[in-house]
Amino acid sequence: MSKVETKKRVKVLNVSDLAVGIGQRISVDGEEIALFKQKDGSVKAIQNSCPHKGGPLSEGIVSGEHVFCPLHDWKINMKDGKVQAPDVGCVKTYEVAIQENFVYIEVPIIE
Ligand code: FES
């Protein structure tokens, strides 16, 4: 039987709960996600686990659209999830919507 993947939108928190430059860890359906509010007010959402050795990216140092893993300093782009050279790899990214000051994350539903 083949798997059908669809997405659902989950309300996670208020935009005012986030601060620019400081990551916030949330959990949606058992998935750990790191949220980052950008200077322009948008919010990026990526998997909260570094592809190197699982460092918690929500505790990383933020620089523009990148976050540095708190364990060994890999640099990860929050827009596309790609690890920056010379390191390689990527993390999952999630679509974010902001409506009436609430942050919604789109997560897959696997049937
Ligand atoms: S666990 Fe993130 S750089 Fe090593």
# chains A, B, ... in the order shown; residues from 1 in each chain; ligands from 1

call {"tool": "residues_near_ligand", "arguments": {"ligand": "ligand 1", "cutoff": "6 Å", "atoms": "only C-alpha atoms and all ligand atoms", "output": "list in words"}}
result
Cys50, His52, Lys53, Gly54, Gly55, Cys69, Leu71, His72, Asp73 and Trp74 of chain A

call {"tool": "residues_around", "arguments": {"residues": "Thr93 in chain A", "least_positions_apart": "4", "cutoff": "10 Å", "atoms": "only C-alpha atoms", "output": "ChimeraX atom specification"}}
result
/A:33-34,44-48,77-82,106-107

call {"tool": "write_last_selection", "arguments": {"atoms": "C-alpha atoms", "output": "JSON list (two decimals), in the first residue's frame"}}
result
[["chain", "number", "residue", "atom", "x", "y", "z"],
["A", 33, "ILE", "CA", 10.93, 22.27, 15.59],
["A", 34, "ALA", "CA", 13.02, 25.41, 16.10],
["A", 44, "LYS", "CA", 11.32, 30.53, 9.96],
["A", 45, "ALA", "CA", 10.83, 26.97, 11.14],
["A", 46, "ILE", "CA", 13.41, 24.20, 10.86],
["A", 47, "GLN", "CA", 14.00, 20.80, 12.38],
["A", 48, "ASN", "CA", 15.48, 21.30, 15.86],
["A", 77, "ASN", "CA", 20.42, 28.43, 6.51],
["A", 78, "MET", "CA", 16.95, 28.80, 8.02],
["A", 79, "LYS", "CA", 15.29, 29.42, 4.64],
["A", 80, "ASP", "CA", 16.26, 26.24, 2.83],
["A", 81, "GLY", "CA", 17.70, 24.18, 5.70],
["A", 82, "LYS", "CA", 21.06, 23.73, 3.98],
["A", 106, "GLU", "CA", 2.44, 23.10, 8.28],
["A", 107, "VAL", "CA", 3.36, 19.56, 9.19]]

call {"tool": "closest_residue", "arguments": {"among": "A:Asp17, A:Asp87, A:Val96, A:Pro108", "to": "Ser42 in chain A", "atoms": "only C-alpha atoms"}}
result
A:Val96

call {"tool": "closest_residue", "arguments": {"among": "A:Tyr94, A:Lys8, A:Asn101, A:Val88", "to": "Leu35 in chain A", "atoms": "only C-alpha atoms"}}
result
A:Tyr94

call {"tool": "residues_around", "arguments": {"residues": "His66 in chain A", "least_positions_apart": "2", "cutoff": "9 Å", "atoms": "only C-alpha atoms", "output": "list in words"}}
result
Ile61, Val62, Ser63, Gly64, Phe68, Lys75, Ile76, Asn77, Met78 and Lys79 of chain A

call {"tool": "closest_residue", "arguments": {"among": "A:Val43, A:Leu18, A:Lys37, A:Gly60", "to": "Tyr104 in chain A", "atoms": "only C-alpha atoms"}}
result
A:Val43

call {"tool": "atom_distance", "arguments": {"atom1": "CA of Lys7 in chain A", "atom2": "CA of Asp40 in chain A"}}
result
26.2 Å

call {"tool": "closest_residue", "arguments": {"among": "A:Glu59, A:Lys39, A:Glu5, A:Ser49", "to": "Gly23 in chain A", "atoms": "only C-alpha atoms"}}
result
A:Glu59

call {"tool": "select_by_dssp", "arguments": {"residues": "chain A", "states": "strand (DSSP E or B)", "output": "ChimeraX atom specification"}}
result
/A:5-14,19-20,22,24-28,31-37,43-47,61-63,66-68,75-77,82-83,90,93-94,96-99,102-110

call {"tool": "write_last_selection", "arguments": {"atoms": "C-alpha atoms", "output": "PDB file, in the first residue's frame"}}
result
ATOM      1  CA  GLU A   5       1.286  12.542   2.374  1.00  0.00           C
ATOM      2  CA  THR A   6      -0.821  15.592   3.047  1.00  0.00           C
ATOM      3  CA  LYS A   7      -0.261  18.515   5.337  1.00  0.00           C
ATOM      4  CA  LYS A   8      -2.101  20.059   8.191  1.00  0.00           C
ATOM      5  CA  ARG A   9      -1.755  23.492   9.699  1.00  0.00           C
ATOM      6  CA  VAL A  10      -1.097  23.637  13.433  1.00  0.00           C
ATOM      7  CA  LYS A  11      -1.411  26.774  15.559  1.00  0.00           C
ATOM      8  CA  VAL A  12       1.682  26.919  17.776  1.00  0.00           C
ATOM      9  CA  LEU A  13       2.106  30.223  19.563  1.00  0.00           C
ATOM     10  CA  ASN A  14       1.699  33.967  19.492  1.00  0.00           C
ATOM     11  CA  ALA A  19      12.147  37.480  20.017  1.00  0.00           C
ATOM     12  CA  VAL A  20      14.348  38.356  17.041  1.00  0.00           C
ATOM     13  CA  ILE A  22      16.506  33.972  19.877  1.00  0.00           C
ATOM     14  CA  GLN A  24      12.245  28.875  20.357  1.00  0.00           C
ATOM     15  CA  ARG A  25      11.784  25.131  20.574  1.00  0.00           C
ATOM     16  CA  ILE A  26       8.329  23.678  20.017  1.00  0.00           C
ATOM     17  CA  SER A  27       7.002  20.189  19.569  1.00  0.00           C
ATOM     18  CA  VAL A  28       4.323  19.308  17.024  1.00  0.00           C
ATOM     19  CA  GLU A  31       8.518  16.543  15.880  1.00  0.00           C
ATOM     20  CA  GLU A  32      10.903  18.999  17.498  1.00  0.00           C
ATOM     21  CA  ILE A  33      10.926  22.266  15.592  1.00  0.00           C
ATOM     22  CA  ALA A  34      13.024  25.407  16.098  1.00  0.00           C
ATOM     23  CA  LEU A  35      11.325  28.739  15.366  1.00  0.00           C
ATOM     24  CA  PHE A  36      13.225  31.918  14.583  1.00  0.00           C
ATOM     25  CA  LYS A  37      11.673  35.354  14.235  1.00  0.00           C
ATOM     26  CA  VAL A  43       9.199  33.457  11.149  1.00  0.00           C
ATOM     27  CA  LYS A  44      11.324  30.532   9.960  1.00  0.00           C
ATOM     28  CA  ALA A  45      10.835  26.965  11.140  1.00  0.00           C
ATOM     29  CA  ILE A  46      13.412  24.197  10.862  1.00  0.00           C
ATOM     30  CA  GLN A  47      13.996  20.796  12.377  1.00  0.00           C
ATOM     31  CA  ILE A  61      23.498  31.731  17.713  1.00  0.00           C
ATOM     32  CA  VAL A  62      21.466  33.543  15.084  1.00  0.00           C
ATOM     33  CA  SER A  63      23.068  35.651  12.374  1.00  0.00           C
ATOM     34  CA  HIS A  66      21.563  31.571   9.489  1.00  0.00           C
ATOM     35  CA  VAL A  67      21.853  29.772  12.793  1.00  0.00           C
ATOM     36  CA  PHE A  68      25.085  28.348  14.198  1.00  0.00           C
ATOM     37  CA  LYS A  75      26.158  27.104   9.953  1.00  0.00           C
ATOM     38  CA  ILE A  76      22.652  26.333   8.737  1.00  0.00           C
ATOM     39  CA  ASN A  77      20.419  28.428   6.513  1.00  0.00           C
ATOM     40  CA  LYS A  82      21.059  23.731   3.977  1.00  0.00           C
ATOM     41  CA  VAL A  83      24.276  23.374   5.931  1.00  0.00           C
ATOM     42  CA  CYS A  90      20.441  19.757   5.549  1.00  0.00           C
ATOM     43  CA  THR A  93      12.132  23.170   6.886  1.00  0.00           C
ATOM     44  CA  TYR A  94       8.472  23.842   7.573  1.00  0.00           C
ATOM     45  CA  VAL A  96       5.011  29.039   8.403  1.00  0.00           C
ATOM     46  CA  ALA A  97       1.933  31.226   8.209  1.00  0.00           C
ATOM     47  CA  ILE A  98       1.142  34.153  10.451  1.00  0.00           C
ATOM     48  CA  GLN A  99      -2.494  35.078  10.925  1.00  0.00           C
ATOM     49  CA  PHE A 102      -0.548  33.603  15.657  1.00  0.00           C
ATOM     50  CA  VAL A 103       2.120  31.384  14.150  1.00  0.00           C
ATOM     51  CA  TYR A 104       0.940  28.298  12.249  1.00  0.00           C
ATOM     52  CA  ILE A 105       3.204  25.500  11.083  1.00  0.00           C
ATOM     53  CA  GLU A 106       2.438  23.098   8.275  1.00  0.00           C
ATOM     54  CA  VAL A 107       3.364  19.557   9.185  1.00  0.00           C
ATOM     55  CA  PRO A 108       2.916  16.410   7.123  1.00  0.00           C
ATOM     56  CA  ILE A 109       0.221  13.878   7.881  1.00  0.00           C
ATOM     57  CA  ILE A 110       1.210  10.411   6.770  1.00  0.00           C
TER      58      ILE A 110
END

call {"tool": "atom_distance", "arguments": {"atom1": "CA of Pro70 in chain A", "atom2": "CA of Ala85 in chain A"}}
result
17.0 Å

call {"tool": "select_by_dssp", "arguments": {"residues": "range 6-87 of chain A", "states": "helix (DSSP H, G or I)", "output": "MDAnalysis selection string"}}
result
chainID A and resid 15:17 57:59

call {"tool": "closest_residue", "arguments": {"among": "A:Glu65, A:Leu57, A:Glu95, A:Glu100", "to": "Val15 in chain A", "atoms": "only C-alpha atoms"}}
result
A:Glu100

call {"tool": "decode", "arguments": {"residues": "range 54-93 of chain A", "atoms": "N, CA and C atoms", "output": "short mmCIF file (atom, residue, chain, number, x, y, z; two decimals), in the first residue's frame"}}
result
data_model
loop_
_atom_site.label_atom_id
_atom_site.label_comp_id
_atom_site.auth_asym_id
_atom_site.auth_seq_id
_atom_site.Cartn_x
_atom_site.Cartn_y
_atom_site.Cartn_z
N GLY A 54 23.08 16.08 16.15
CA GLY A 54 21.80 16.32 16.85
C GLY A 54 21.76 17.51 17.77
N GLY A 55 22.67 18.46 17.63
CA GLY A 55 22.65 19.66 18.48
C GLY A 55 21.32 20.39 18.38
N PRO A 56 20.85 20.98 19.50
CA PRO A 56 19.57 21.69 19.51
C PRO A 56 19.68 23.06 18.86
N LEU A 57 19.24 23.17 17.62
CA LEU A 57 19.44 24.41 16.86
C LEU A 57 18.70 25.60 17.45
N SER A 58 17.63 25.35 18.21
CA SER A 58 16.89 26.47 18.82
C SER A 58 17.78 27.20 19.83
N GLU A 59 18.88 26.57 20.27
CA GLU A 59 19.79 27.22 21.22
C GLU A 59 21.01 27.80 20.53
N GLY A 60 20.98 27.81 19.21
CA GLY A 60 22.13 28.30 18.45
C GLY A 60 22.18 29.82 18.39
N ILE A 61 23.31 30.29 17.90
CA ILE A 61 23.50 31.73 17.71
C ILE A 61 22.95 32.11 16.34
N VAL A 62 22.10 33.12 16.32
CA VAL A 62 21.47 33.54 15.08
C VAL A 62 22.26 34.68 14.45
N SER A 63 22.43 34.57 13.12
CA SER A 63 23.07 35.65 12.37
C SER A 63 22.30 35.79 11.07
N GLY A 64 21.44 36.80 10.99
CA GLY A 64 20.62 36.98 9.79
C GLY A 64 19.74 35.78 9.56
N GLU A 65 19.87 35.19 8.36
CA GLU A 65 19.03 34.03 8.06
C GLU A 65 19.74 32.71 8.35
N HIS A 66 20.83 32.79 9.12
CA HIS A 66 21.56 31.57 9.49
C HIS A 66 21.54 31.36 10.99
N VAL A 67 21.68 30.08 11.37
CA VAL A 67 21.85 29.77 12.79
C VAL A 67 23.10 28.89 12.91
N PHE A 68 23.88 29.14 13.94
CA PHE A 68 25.09 28.35 14.20
C PHE A 68 24.76 27.32 15.27
N CYS A 69 25.00 26.06 14.98
CA CYS A 69 24.70 25.00 15.94
C CYS A 69 25.48 25.25 17.24
N PRO A 70 24.84 25.10 18.40
CA PRO A 70 25.52 25.38 19.66
C PRO A 70 26.61 24.36 20.01
N LEU A 71 26.60 23.21 19.35
CA LEU A 71 27.60 22.20 19.73
C LEU A 71 28.93 22.36 19.00
N HIS A 72 28.90 22.39 17.68
CA HIS A 72 30.18 22.47 16.95
C HIS A 72 30.17 23.54 15.87
N ASP A 73 29.19 24.44 15.96
CA ASP A 73 29.24 25.65 15.13
C ASP A 73 28.95 25.48 13.64
N TRP A 74 28.30 24.39 13.25
CA TRP A 74 27.90 24.30 11.84
C TRP A 74 26.94 25.44 11.57
N LYS A 75 27.00 25.96 10.34
CA LYS A 75 26.16 27.10 9.95
C LYS A 75 25.03 26.60 9.04
N ILE A 76 23.81 26.87 9.45
CA ILE A 76 22.65 26.33 8.74
C ILE A 76 21.74 27.47 8.30
N ASN A 77 21.32 27.41 7.03
CA ASN A 77 20.42 28.43 6.51
C ASN A 77 18.98 28.10 6.93
N MET A 78 18.31 29.06 7.52
CA MET A 78 16.95 28.80 8.02
C MET A 78 15.91 28.79 6.90
N LYS A 79 16.27 29.37 5.73
CA LYS A 79 15.29 29.42 4.64
C LYS A 79 15.17 28.08 3.93
N ASP A 80 16.33 27.50 3.59
CA ASP A 80 16.26 26.24 2.83
C ASP A 80 16.78 25.05 3.63
N GLY A 81 17.25 25.28 4.85
CA GLY A 81 17.70 24.18 5.70
C GLY A 81 19.09 23.66 5.37
N LYS A 82 19.76 24.28 4.39
CA LYS A 82 21.06 23.73 3.98
C LYS A 82 22.19 24.12 4.91
N VAL A 83 23.04 23.13 5.18
CA VAL A 83 24.28 23.37 5.93
C VAL A 83 25.24 24.08 4.99
N GLN A 84 25.92 25.10 5.50
CA GLN A 84 26.83 25.87 4.67
C GLN A 84 28.22 25.24 4.64
N ALA A 85 28.91 25.40 3.49
CA ALA A 85 30.25 24.86 3.32
C ALA A 85 31.18 25.44 4.39
N PRO A 86 32.19 24.69 4.83
CA PRO A 86 32.68 23.43 4.25
C PRO A 86 31.90 22.20 4.74
N ASP A 87 30.91 22.37 5.61
CA ASP A 87 30.16 21.22 6.10
C ASP A 87 29.02 20.94 5.13
N VAL A 88 28.45 19.76 5.23
CA VAL A 88 27.38 19.40 4.29
C VAL A 88 26.21 18.75 5.02
N GLY A 89 25.03 18.85 4.41
CA GLY A 89 23.83 18.24 4.97
C GLY A 89 22.69 19.22 4.91
N CYS A 90 21.55 18.82 5.46
CA CYS A 90 20.44 19.76 5.55
C CYS A 90 19.46 19.31 6.62
N VAL A 91 18.66 20.26 7.05
CA VAL A 91 17.59 19.96 8.01
C VAL A 91 16.26 20.22 7.31
N LYS A 92 15.21 19.63 7.87
CA LYS A 92 13.88 19.86 7.32
C LYS A 92 13.46 21.30 7.59
N THR A 93 12.73 21.85 6.65
CA THR A 93 12.13 23.17 6.89
C THR A 93 10.61 23.00 6.86
#
